[in-house]
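Undergrad: Quick one: structure below, then a few questions.
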Amino acid sequence: MTLLSRIRALFSSWDTRETPNTITVGQPASASLRDRYPYDRAEVLDQSLEAWRTNPLARRIIGLTTQYVVGGGIAVSCKHRKTNAFLQSFWANPLNRMQVRCAELCDELSRTGNLFILLTTDAAGMSYLRAVPASMVEEITARENDIEQPVSFKLSPFSNPDGSFFESRILPACNVNDDNPGRPVILHYAINRPAGAQWGEPDLAPLLRWLARYSNWLEDRARLNRFRNSFLFVVKGKFLSETQRLQRQAQLNASPPAPGSILVASDTEEWTTIAPNLDAPDAATDGLALKKMIAAGAGLPLHFLAEPESATRTTAEAAGGPTYRHFEQRQEFFLWVLQDILQVVLRRRAFYDRYVKPDEEITVTGADISARDNSELASASAGILSTLVTLRDRSLIDDAELLRLVYRFAGEPLNIEDMLARGKAAQRLASYEINKSEAAQRLASYEINKSEAAQRLASYEINKSEAAPIPSPRKGEGQGEGGKPKPEPKPAKPEPVGADSVRAGSKPAPDPDTEEAA
């Protein structure tokens with residue numbers, strides 16, 4: 001063992017951080033006894049699916065959750081340009097169709113309480129996902145030291161309509177520290193899960209019994225209403241023998257009186273009718289009691305289930321408060337599920353593309369739960385803002401307290417230190433942009449002044465050349481002997497400088513060319 005490896009081993013022995021293999025606060029796998037028995041879980045999943053398919057109330061409860069959680073759509077973004085481009089391509093891939101698939105995933109999560117995502121990656125690093133039905137997963141194998149860390153999933157065998165049969169398979173769970181993009185993995189998410197359990201519970205699980213009772217009651221009422229206009233004639237008379245009574249009954253059955261006809265009878269016969277008594281007022285109370293039980297179990301007000309119950313609009317709006325909080329919690333969980341899936345997709349892409357940052361922060365945003373809440377919060381924050389600004393100007397509160405109160409009235413969570421740091425950075429950036437703009441303006445003004453000065457100089461030169469007269473040559477001027485042009489004088493030679501130069505006070509020797517010209 002080299003010295004460097006010994007030093008690394010020494011430092012690793014001092015590292016006391018928990019790892020997935022050594023976590024001490026986890027629960028052993030035997031704690032899964034808090035889950036339902038496999039046959040009971042399979043029965044609940046089948047009943048939930050059947051209720052969703054056949055019961056309008058069950059379909060409406062699941063649909064309401066999806067409509068509020070997914071709403072007008074979900075947006076994904078990332079600050080890193082290359083990473084964001086890959087996320088958008090994954091989101092819009094025709095084999096993924098995440099914008100449409102989100103509603104399907106939310107339905108499955110609410111209907112079964114579990115969401116099993118099968119993730120595969122091709123040779124180019126693009127990942128594809130499919131939702132595995134919870135009824136196909138037989139067993140979840142967790143780590144021995146922690147039940148919340150799945151290791152593998154056992155899928156039940158199944159056969160296709162064409163006769164092909166697939167045996168039971170075991171697929172590994174996604175391991176953040178040891179993920180191989182070349183093999184498919186399963187990601188598991190659960191809601192309504194008891195502490196120490198592996199499986200989640202469907203939203204319809206506590207409602208199945210009451211949904212069945214309400215459905216049976218409604219079906220019985222429909223049958224009674226079907227026959228409420230049916231009645232029987234009872235004819236009482238004095239007959240000499242049983243044979244005479246039977247003859248009269250056969251005569252009436254052969255030609256019974258038609259509805260709206262007139263019947264004339266003798267004083268020896270008495271005609272009466274027997275009609276069903278439905279007791280509709282009492283039945284309405286019973287049906288409302290069953291529907292209240294369903295609404296309470298689903299966490300929905302009655303007017304969400306087409307039951308106004310003679311409530312005013314103010315009462316209906318007040319009753320929706322807890323329901324909106326439930327939908328906000330579900331939306332927050334679902335957005336975290338999508339963010340976790342995208343993180344795994346990025347890590348797998350990073351194996352093939354070095355321009356993608358696997359640890360880059362991903363932002364997943366959903367639609368607002370209630371537009372009325374936004375208007376109320378906006379009014380509250382606008383009303384308190386002027387008061388808080390006055391307190392800040394008088395130095396009665398600091399910037400942190402001002403931000404905390406404003407965001408509290410706006411109903412938004414806030415990290416004060418992070419927001420203050422971002423505000424200072426924004427101020428510096430704004431100052432830099434202002435200085436940059438002023439410098440650009442000064443440069444533009446300088447260029448304009450320079451251009452104007454150049455134009456004025458050019459105009460001055462033109463005017464000067466136009467104003468200067470052209471002298472005409474005199475007779476004999478510029479001509480030598482015999483009328484020939486006079487040669488130009490040669491330039492004077494520069495005087496040498498140095499030891500041989502002319503002494504001060506002495507006259508220079510005359511130039512022979514100059515004397516000859518003179």
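To be explicit about the labels: the chains of the structure tokens are called A, B, and onward in the order shown, and within each one the residues are counted from 1, while ligands get numbers from 1 in the order they are shown.
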What lies within 7 Å of Phe116 of chain A using only C-alpha atoms, ignoring chain neighbours under 4 positions off, as a ChimeraX atom specification?

TA: /A:131-132,134,186-189

Undergrad: What would the file look like if the residues just selected were written as a compact mmCIF listing (two decimals), in the first residue's frame with N, CA, C and O atoms?

TA:
# COMPACT_ATOMS: atom_id res chain seq x y z
N ALA A 131 -45.38 4.17 -17.02
CA ALA A 131 -45.95 3.89 -15.70
C ALA A 131 -46.30 2.41 -15.63
O ALA A 131 -47.04 1.89 -16.47
N VAL A 132 -45.77 1.73 -14.62
CA VAL A 132 -46.06 0.31 -14.39
C VAL A 132 -47.27 0.22 -13.47
O VAL A 132 -47.28 0.85 -12.40
N ALA A 134 -49.63 -0.65 -10.52
CA ALA A 134 -49.28 -1.11 -9.17
C ALA A 134 -49.71 -2.55 -8.95
O ALA A 134 -49.08 -3.27 -8.15
N ILE A 186 -36.50 1.19 -11.97
CA ILE A 186 -37.85 1.58 -11.54
C ILE A 186 -37.72 2.58 -10.39
O ILE A 186 -36.94 2.37 -9.46
N LEU A 187 -38.50 3.63 -10.49
CA LEU A 187 -38.60 4.64 -9.42
C LEU A 187 -39.97 4.50 -8.77
O LEU A 187 -40.99 4.38 -9.48
N HIS A 188 -40.02 4.53 -7.45
CA HIS A 188 -41.27 4.31 -6.72
C HIS A 188 -41.60 5.54 -5.88
O HIS A 188 -40.75 6.07 -5.16
N TYR A 189 -42.85 6.01 -5.98
CA TYR A 189 -43.36 7.13 -5.19
C TYR A 189 -44.71 6.72 -4.62
O TYR A 189 -45.50 6.05 -5.30

Undergrad: List the spatial neighbours of Tyr68 of chain A as number ranges by chain - criterion: any atom at most 7 Å away, only C-alpha atoms, same-chain residues fewer than 3 positions off excluded.

TA: A: 64-65, 71, 327, 369

Undergrad: Using only C-alpha atoms for the distances, tell me which of A:Asn96, A:Gln67, A:Ser135, A:Ser445 is nearest to Gln47 of chain A.

TA: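 The shortest atom-to-atom distance to Gln47 of chain A comes from A:Ser135.
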
Undergrad: List as a list in words the protein and nucleic acid residues near Ser89 of chain A, meaning an atom at most 12 Å away when only C-alpha atoms are counted, but skip any in the same chain fewer than 6 places from it.

TA: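 Here the answer would be Val76, Ser77, Lys82, Thr83, Leu95, Asn96, Arg97, Met98, Gln99, Gly125, Met126, Ser127, Tyr128, Leu342, Val345, Leu346 and Arg349 of chain A.
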
Undergrad: Let me make sure I understand: among A:Asn160, A:Asn55, A:Thr141, A:Asn84, which one has the smallest atom-to-atom distance to Lys357 of chain A if we use only C-alpha atoms?

TA: A:Asn84

Undergrad: Quick one: pick out all strand (DSSP E) residues within segment 226-438 of chain A from a backbone DSSP run and write them as a list of chain:residue names.

TA: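 In segment 226-438 of chain A, DSSP puts these residues in strand (DSSP E): A:Leu232, A:Phe233, A:Val234, A:Val235, A:Lys236, A:Gly237, A:Glu269, A:Glu270, A:Trp271, A:Thr272, A:Thr273, A:Ile274, A:Ile362, A:Thr363, A:Val364, A:Thr365.
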
Undergrad: Produce a file of the selected residues containing all heavy atoms, as a compact mmCIF listing (two decimals), in the first residue's frame.

TA:
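What landed in again_12.txt:
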# COMPACT_ATOMS: atom_id res chain seq x y z
N LEU A 232 -102.51 -1.68 -8.63
CA LEU A 232 -103.36 -2.85 -8.80
C LEU A 232 -104.81 -2.49 -8.45
O LEU A 232 -105.05 -1.69 -7.52
CB LEU A 232 -102.90 -3.99 -7.89
CG LEU A 232 -101.50 -4.55 -8.16
CD1 LEU A 232 -101.15 -5.61 -7.11
CD2 LEU A 232 -101.41 -5.15 -9.55
N PHE A 233 -105.75 -3.07 -9.20
CA PHE A 233 -107.17 -2.91 -8.89
C PHE A 233 -107.58 -4.03 -7.96
O PHE A 233 -107.27 -5.20 -8.20
CB PHE A 233 -108.02 -2.96 -10.16
CG PHE A 233 -107.94 -1.70 -10.99
CD1 PHE A 233 -107.20 -1.67 -12.16
CD2 PHE A 233 -108.62 -0.56 -10.59
CE1 PHE A 233 -107.13 -0.52 -12.91
CE2 PHE A 233 -108.54 0.59 -11.35
CZ PHE A 233 -107.79 0.62 -12.51
N VAL A 234 -108.31 -3.68 -6.96
CA VAL A 234 -108.89 -4.66 -6.03
C VAL A 234 -110.41 -4.53 -6.12
O VAL A 234 -110.97 -3.44 -5.85
CB VAL A 234 -108.42 -4.43 -4.59
CG1 VAL A 234 -109.08 -5.45 -3.64
CG2 VAL A 234 -106.90 -4.54 -4.51
N VAL A 235 -111.04 -5.60 -6.52
CA VAL A 235 -112.49 -5.60 -6.71
C VAL A 235 -113.09 -6.48 -5.62
O VAL A 235 -112.76 -7.67 -5.49
CB VAL A 235 -112.88 -6.13 -8.10
CG1 VAL A 235 -114.41 -6.15 -8.26
CG2 VAL A 235 -112.22 -5.30 -9.18
N LYS A 236 -113.92 -5.87 -4.82
CA LYS A 236 -114.61 -6.59 -3.76
C LYS A 236 -116.09 -6.72 -4.13
O LYS A 236 -116.72 -5.73 -4.55
CB LYS A 236 -114.48 -5.85 -2.43
CG LYS A 236 -113.04 -5.76 -1.91
CD LYS A 236 -113.00 -5.02 -0.59
CE LYS A 236 -111.57 -4.92 -0.06
NZ LYS A 236 -111.51 -4.17 1.23
N GLY A 237 -116.63 -7.90 -3.98
CA GLY A 237 -118.05 -8.15 -4.30
C GLY A 237 -118.57 -9.38 -3.58
O GLY A 237 -117.82 -10.11 -2.92
N GLU A 269 -120.21 -4.45 -6.23
CA GLU A 269 -118.74 -4.46 -6.35
C GLU A 269 -118.16 -3.15 -5.84
O GLU A 269 -118.76 -2.07 -5.98
CB GLU A 269 -118.31 -4.65 -7.80
CG GLU A 269 -118.64 -6.02 -8.37
CD GLU A 269 -118.14 -6.19 -9.78
OE1 GLU A 269 -117.78 -5.15 -10.41
OE2 GLU A 269 -118.10 -7.32 -10.28
N GLU A 270 -116.99 -3.26 -5.23
CA GLU A 270 -116.24 -2.10 -4.73
C GLU A 270 -114.82 -2.13 -5.30
O GLU A 270 -114.09 -3.08 -5.07
CB GLU A 270 -116.19 -2.11 -3.20
CG GLU A 270 -115.43 -0.93 -2.62
CD GLU A 270 -115.34 -1.02 -1.11
OE1 GLU A 270 -115.95 -1.93 -0.53
OE2 GLU A 270 -114.64 -0.16 -0.52
N TRP A 271 -114.48 -1.07 -6.07
CA TRP A 271 -113.17 -1.00 -6.74
C TRP A 271 -112.23 -0.09 -5.93
O TRP A 271 -112.55 1.05 -5.62
CB TRP A 271 -113.30 -0.43 -8.14
CG TRP A 271 -113.96 -1.40 -9.12
CD1 TRP A 271 -115.25 -1.84 -9.09
CD2 TRP A 271 -113.33 -1.98 -10.24
NE1 TRP A 271 -115.50 -2.70 -10.11
CE2 TRP A 271 -114.31 -2.81 -10.86
CE3 TRP A 271 -112.07 -1.94 -10.80
CZ2 TRP A 271 -114.06 -3.56 -12.00
CZ3 TRP A 271 -111.84 -2.67 -11.94
CH2 TRP A 271 -112.79 -3.48 -12.53
N THR A 272 -111.03 -0.61 -5.64
CA THR A 272 -109.96 0.18 -4.98
C THR A 272 -108.63 -0.12 -5.68
O THR A 272 -108.51 -1.09 -6.43
CB THR A 272 -109.85 -0.17 -3.48
OG1 THR A 272 -109.58 -1.56 -3.34
CG2 THR A 272 -111.12 0.19 -2.73
N THR A 273 -107.63 0.76 -5.42
CA THR A 273 -106.30 0.59 -6.02
C THR A 273 -105.24 0.50 -4.93
O THR A 273 -105.39 1.08 -3.83
CB THR A 273 -105.95 1.77 -6.95
OG1 THR A 273 -106.01 2.98 -6.20
CG2 THR A 273 -106.93 1.83 -8.12
N ILE A 274 -104.18 -0.20 -5.25
CA ILE A 274 -103.01 -0.31 -4.37
C ILE A 274 -101.81 0.28 -5.12
O ILE A 274 -101.44 -0.21 -6.20
CB ILE A 274 -102.73 -1.77 -3.98
CG1 ILE A 274 -103.93 -2.35 -3.21
CG2 ILE A 274 -101.45 -1.86 -3.15
CD1 ILE A 274 -103.74 -3.81 -2.83
N ILE A 362 -33.23 22.27 -11.16
CA ILE A 362 -34.36 22.20 -12.09
C ILE A 362 -35.58 22.83 -11.41
O ILE A 362 -35.88 22.52 -10.26
CB ILE A 362 -34.66 20.74 -12.48
CG1 ILE A 362 -33.43 20.10 -13.13
CG2 ILE A 362 -35.85 20.68 -13.44
CD1 ILE A 362 -33.60 18.63 -13.41
N THR A 363 -36.27 23.68 -12.15
CA THR A 363 -37.46 24.34 -11.63
C THR A 363 -38.68 23.77 -12.33
O THR A 363 -38.78 23.81 -13.55
CB THR A 363 -37.39 25.86 -11.86
OG1 THR A 363 -36.19 26.38 -11.26
CG2 THR A 363 -38.60 26.55 -11.27
N VAL A 364 -39.61 23.22 -11.53
CA VAL A 364 -40.86 22.67 -12.05
C VAL A 364 -42.00 23.46 -11.41
O VAL A 364 -42.14 23.49 -10.19
CB VAL A 364 -41.00 21.17 -11.73
CG1 VAL A 364 -42.26 20.61 -12.35
CG2 VAL A 364 -39.78 20.40 -12.22
N THR A 365 -42.80 24.10 -12.22
CA THR A 365 -43.88 24.95 -11.73
C THR A 365 -45.21 24.46 -12.29
O THR A 365 -45.29 23.96 -13.42
CB THR A 365 -43.67 26.41 -12.14
OG1 THR A 365 -43.52 26.49 -13.57
CG2 THR A 365 -42.42 26.97 -11.48

Undergrad: Using only C-alpha atoms for the distances, tell me which of A:Arg209, A:Arg325, A:Arg193, A:Arg101 is nearest to Asp368 of chain A.

TA: A:Arg325

Undergrad: Excluding same-chain residues fewer than 3 positions from Phe239 of chain A, what lies within 10 Å of it counting only C-alpha atoms, as a PyMOL selection string?

TA: chain A and resi 236+242-246+248+268-269

Undergrad: Print the selection's residues with N, CA, C and O atoms to a file, as a PDB file, in the first residue's frame.

TA:
ATOM      1  N   LYS A 236    -113.924  -5.867  -4.825  1.00  0.00           N
ATOM      2  CA  LYS A 236    -114.608  -6.586  -3.760  1.00  0.00           C
ATOM      3  C   LYS A 236    -116.093  -6.718  -4.129  1.00  0.00           C
ATOM      4  O   LYS A 236    -116.716  -5.734  -4.546  1.00  0.00           O
ATOM      5  N   GLU A 242    -116.861 -19.841  -5.268  1.00  0.00           N
ATOM      6  CA  GLU A 242    -115.486 -19.554  -5.706  1.00  0.00           C
ATOM      7  C   GLU A 242    -115.375 -19.599  -7.224  1.00  0.00           C
ATOM      8  O   GLU A 242    -114.615 -18.833  -7.834  1.00  0.00           O
ATOM      9  N   THR A 243    -116.179 -20.436  -7.814  1.00  0.00           N
ATOM     10  CA  THR A 243    -116.152 -20.523  -9.272  1.00  0.00           C
ATOM     11  C   THR A 243    -116.630 -19.229  -9.903  1.00  0.00           C
ATOM     12  O   THR A 243    -116.051 -18.738 -10.887  1.00  0.00           O
ATOM     13  N   GLN A 244    -117.658 -18.609  -9.308  1.00  0.00           N
ATOM     14  CA  GLN A 244    -118.140 -17.334  -9.824  1.00  0.00           C
ATOM     15  C   GLN A 244    -117.087 -16.233  -9.654  1.00  0.00           C
ATOM     16  O   GLN A 244    -116.919 -15.378 -10.522  1.00  0.00           O
ATOM     17  N   ARG A 245    -116.352 -16.244  -8.577  1.00  0.00           N
ATOM     18  CA  ARG A 245    -115.300 -15.232  -8.364  1.00  0.00           C
ATOM     19  C   ARG A 245    -114.180 -15.383  -9.378  1.00  0.00           C
ATOM     20  O   ARG A 245    -113.675 -14.381  -9.931  1.00  0.00           O
ATOM     21  N   LEU A 246    -113.795 -16.617  -9.646  1.00  0.00           N
ATOM     22  CA  LEU A 246    -112.733 -16.851 -10.619  1.00  0.00           C
ATOM     23  C   LEU A 246    -113.176 -16.450 -12.030  1.00  0.00           C
ATOM     24  O   LEU A 246    -112.367 -15.938 -12.822  1.00  0.00           O
ATOM     25  N   ARG A 248    -115.302 -14.048 -12.726  1.00  0.00           N
ATOM     26  CA  ARG A 248    -115.255 -12.576 -12.796  1.00  0.00           C
ATOM     27  C   ARG A 248    -113.815 -12.062 -12.902  1.00  0.00           C
ATOM     28  O   ARG A 248    -113.550 -11.127 -13.663  1.00  0.00           O
ATOM     29  N   THR A 268    -122.921  -4.077  -6.016  1.00  0.00           N
ATOM     30  CA  THR A 268    -122.408  -5.311  -5.430  1.00  0.00           C
ATOM     31  C   THR A 268    -120.885  -5.405  -5.503  1.00  0.00           C
ATOM     32  O   THR A 268    -120.298  -6.339  -4.946  1.00  0.00           O
ATOM     33  N   GLU A 269    -120.209  -4.453  -6.226  1.00  0.00           N
ATOM     34  CA  GLU A 269    -118.741  -4.457  -6.354  1.00  0.00           C
ATOM     35  C   GLU A 269    -118.165  -3.148  -5.836  1.00  0.00           C
ATOM     36  O   GLU A 269    -118.757  -2.070  -5.981  1.00  0.00           O
TER      37      GLU A 269
END

Undergrad: What are the DSSP helix (DSSP H, G or I) residues of segment 209-418 of chain A, as a ChimeraX atom specification?

TA: /A:209-226,242-254,280-298,302-305,313-350,371-393,399-410,416-418

Undergrad: From the list A:Arg228, A:Tyr407, A:Gly366, A:Gly182, which residue is nearest Leu385 of chain A when using only C-alpha atoms?

TA: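 Using only C-alpha atoms, the shortest distance to Leu385 of chain A belongs to A:Tyr407.
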
Undergrad: Neighbouring residues of Pro358 of chain A were defined as those with any atom within 7 Å, considering only C-alpha atoms; residues of the same chain fewer than 2 positions away were excluded. Please report them as a list in words.

TA: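 Listed by chain and then number, they are Gln343, Leu346, Arg347, Ala350, Val356 and Glu360 of chain A.
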
Undergrad: Could you write out that same residue set with all heavy atoms as a tab-separated table (two decimals), in the first residue's frame?

TA:
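The resulting file, selection.tsv, is reproduced below:
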chain	number	residue	atom	x	y	z
A	343	GLN	N	-34.10	14.75	-12.50
A	343	GLN	CA	-32.73	14.67	-12.01
A	343	GLN	C	-32.07	13.36	-12.43
A	343	GLN	O	-30.91	13.32	-12.83
A	343	GLN	CB	-32.71	14.81	-10.49
A	343	GLN	CG	-33.04	16.20	-9.97
A	343	GLN	CD	-31.93	17.21	-10.23
A	343	GLN	OE1	-30.88	16.88	-10.74
A	343	GLN	NE2	-32.19	18.45	-9.88
A	346	LEU	N	-31.24	13.58	-16.10
A	346	LEU	CA	-30.05	14.40	-16.34
A	346	LEU	C	-28.77	13.63	-16.01
A	346	LEU	O	-27.78	13.72	-16.75
A	346	LEU	CB	-30.12	15.67	-15.50
A	346	LEU	CG	-30.89	16.86	-16.08
A	346	LEU	CD1	-30.74	18.07	-15.18
A	346	LEU	CD2	-30.41	17.18	-17.48
A	347	ARG	N	-28.77	12.90	-14.90
A	347	ARG	CA	-27.57	12.14	-14.54
A	347	ARG	C	-27.26	11.09	-15.60
A	347	ARG	O	-26.08	10.84	-15.90
A	347	ARG	CB	-27.77	11.48	-13.17
A	347	ARG	CG	-27.67	12.44	-12.00
A	347	ARG	CD	-27.47	11.70	-10.70
A	347	ARG	NE	-28.61	10.86	-10.40
A	347	ARG	CZ	-29.64	11.23	-9.66
A	347	ARG	NH1	-29.68	12.46	-9.14
A	347	ARG	NH2	-30.65	10.41	-9.41
A	350	ALA	N	-25.72	12.82	-18.63
A	350	ALA	CA	-24.36	13.31	-18.42
A	350	ALA	C	-23.32	12.25	-18.74
A	350	ALA	O	-22.16	12.59	-18.98
A	350	ALA	CB	-24.20	13.78	-16.97
A	356	VAL	N	-23.94	18.74	-20.49
A	356	VAL	CA	-25.09	18.73	-19.59
A	356	VAL	C	-24.59	18.63	-18.15
A	356	VAL	O	-23.75	17.78	-17.83
A	356	VAL	CB	-26.04	17.55	-19.92
A	356	VAL	CG1	-27.10	17.41	-18.85
A	356	VAL	CG2	-26.67	17.75	-21.28
A	360	GLU	N	-27.38	20.45	-11.92
A	360	GLU	CA	-27.99	21.77	-12.11
A	360	GLU	C	-29.40	21.79	-11.52
A	360	GLU	O	-30.14	20.79	-11.59
A	360	GLU	CB	-28.06	22.12	-13.60
A	360	GLU	CG	-28.45	23.55	-13.88
A	360	GLU	CD	-27.37	24.54	-13.50
A	360	GLU	OE1	-26.19	24.12	-13.35
A	360	GLU	OE2	-27.69	25.73	-13.35

Undergrad: Mind checking which residues fall within 9 Å of Leu402 of chain A, counting only C-alpha atoms, ignoring those fewer than 2 positions away in the same chain, and posting them as a compact mmCIF listing (two decimals) with N, CA, C and O atoms, in the first residue's frame?

TA:
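Listing of result-v3.txt after writing:
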# COMPACT_ATOMS: atom_id res chain seq x y z
N LEU A 385 -48.38 47.18 1.99
CA LEU A 385 -47.06 47.56 1.49
C LEU A 385 -46.72 49.01 1.84
O LEU A 385 -45.60 49.31 2.28
N LEU A 388 -45.74 49.33 5.48
CA LEU A 388 -44.42 48.76 5.77
C LEU A 388 -43.30 49.64 5.21
O LEU A 388 -42.25 49.77 5.83
N VAL A 389 -43.52 50.25 4.06
CA VAL A 389 -42.51 51.14 3.49
C VAL A 389 -42.32 52.37 4.38
O VAL A 389 -41.19 52.85 4.59
N LEU A 391 -42.77 52.45 7.65
CA LEU A 391 -42.00 51.99 8.80
C LEU A 391 -40.53 51.82 8.45
O LEU A 391 -39.64 52.12 9.26
N ARG A 392 -40.25 51.35 7.24
CA ARG A 392 -38.85 51.18 6.84
C ARG A 392 -38.16 52.52 6.65
O ARG A 392 -36.99 52.69 7.03
N ILE A 397 -38.20 49.25 11.11
CA ILE A 397 -37.96 47.86 10.74
C ILE A 397 -36.83 47.85 9.72
O ILE A 397 -36.54 48.86 9.07
N ASP A 398 -36.19 46.71 9.57
CA ASP A 398 -35.12 46.58 8.60
C ASP A 398 -35.64 45.92 7.33
O ASP A 398 -36.83 45.61 7.20
N ASP A 399 -34.73 45.72 6.38
CA ASP A 399 -35.13 45.15 5.09
C ASP A 399 -35.64 43.72 5.23
O ASP A 399 -36.58 43.31 4.54
N ALA A 400 -35.02 42.97 6.12
CA ALA A 400 -35.42 41.57 6.29
C ALA A 400 -36.85 41.48 6.82
O ALA A 400 -37.67 40.67 6.33
N ARG A 404 -40.15 39.88 4.93
CA ARG A 404 -40.88 38.79 5.58
C ARG A 404 -42.38 39.09 5.64
O ARG A 404 -43.22 38.24 5.32
N LEU A 405 -42.72 40.32 6.03
CA LEU A 405 -44.14 40.67 6.14
C LEU A 405 -44.81 40.77 4.78
O LEU A 405 -45.96 40.33 4.61
N VAL A 406 -44.12 41.33 3.80
CA VAL A 406 -44.72 41.45 2.47
C VAL A 406 -45.00 40.07 1.88
O VAL A 406 -46.10 39.80 1.35
N TYR A 407 -44.04 39.17 1.96
CA TYR A 407 -44.24 37.83 1.40
C TYR A 407 -45.23 37.02 2.21
O TYR A 407 -45.89 36.12 1.69

Undergrad: Counting only C-alpha atoms, which residue out of A:Ala222, A:Ala190, A:Ala453, A:Leu115 sits closest to Glu148 of chain A?

TA: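 Between A:Ala222, A:Ala190, A:Ala453, A:Leu115, the residue approaching Glu148 of chain A most closely is A:Ala190.
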
Undergrad: Name the closest residue to Leu300 of chain A among the candidates A:Ala319, A:Ala142, A:Cys106, A:Val185; distances are taken between atoms, counting only C-alpha atoms.

TA: A:Ala319
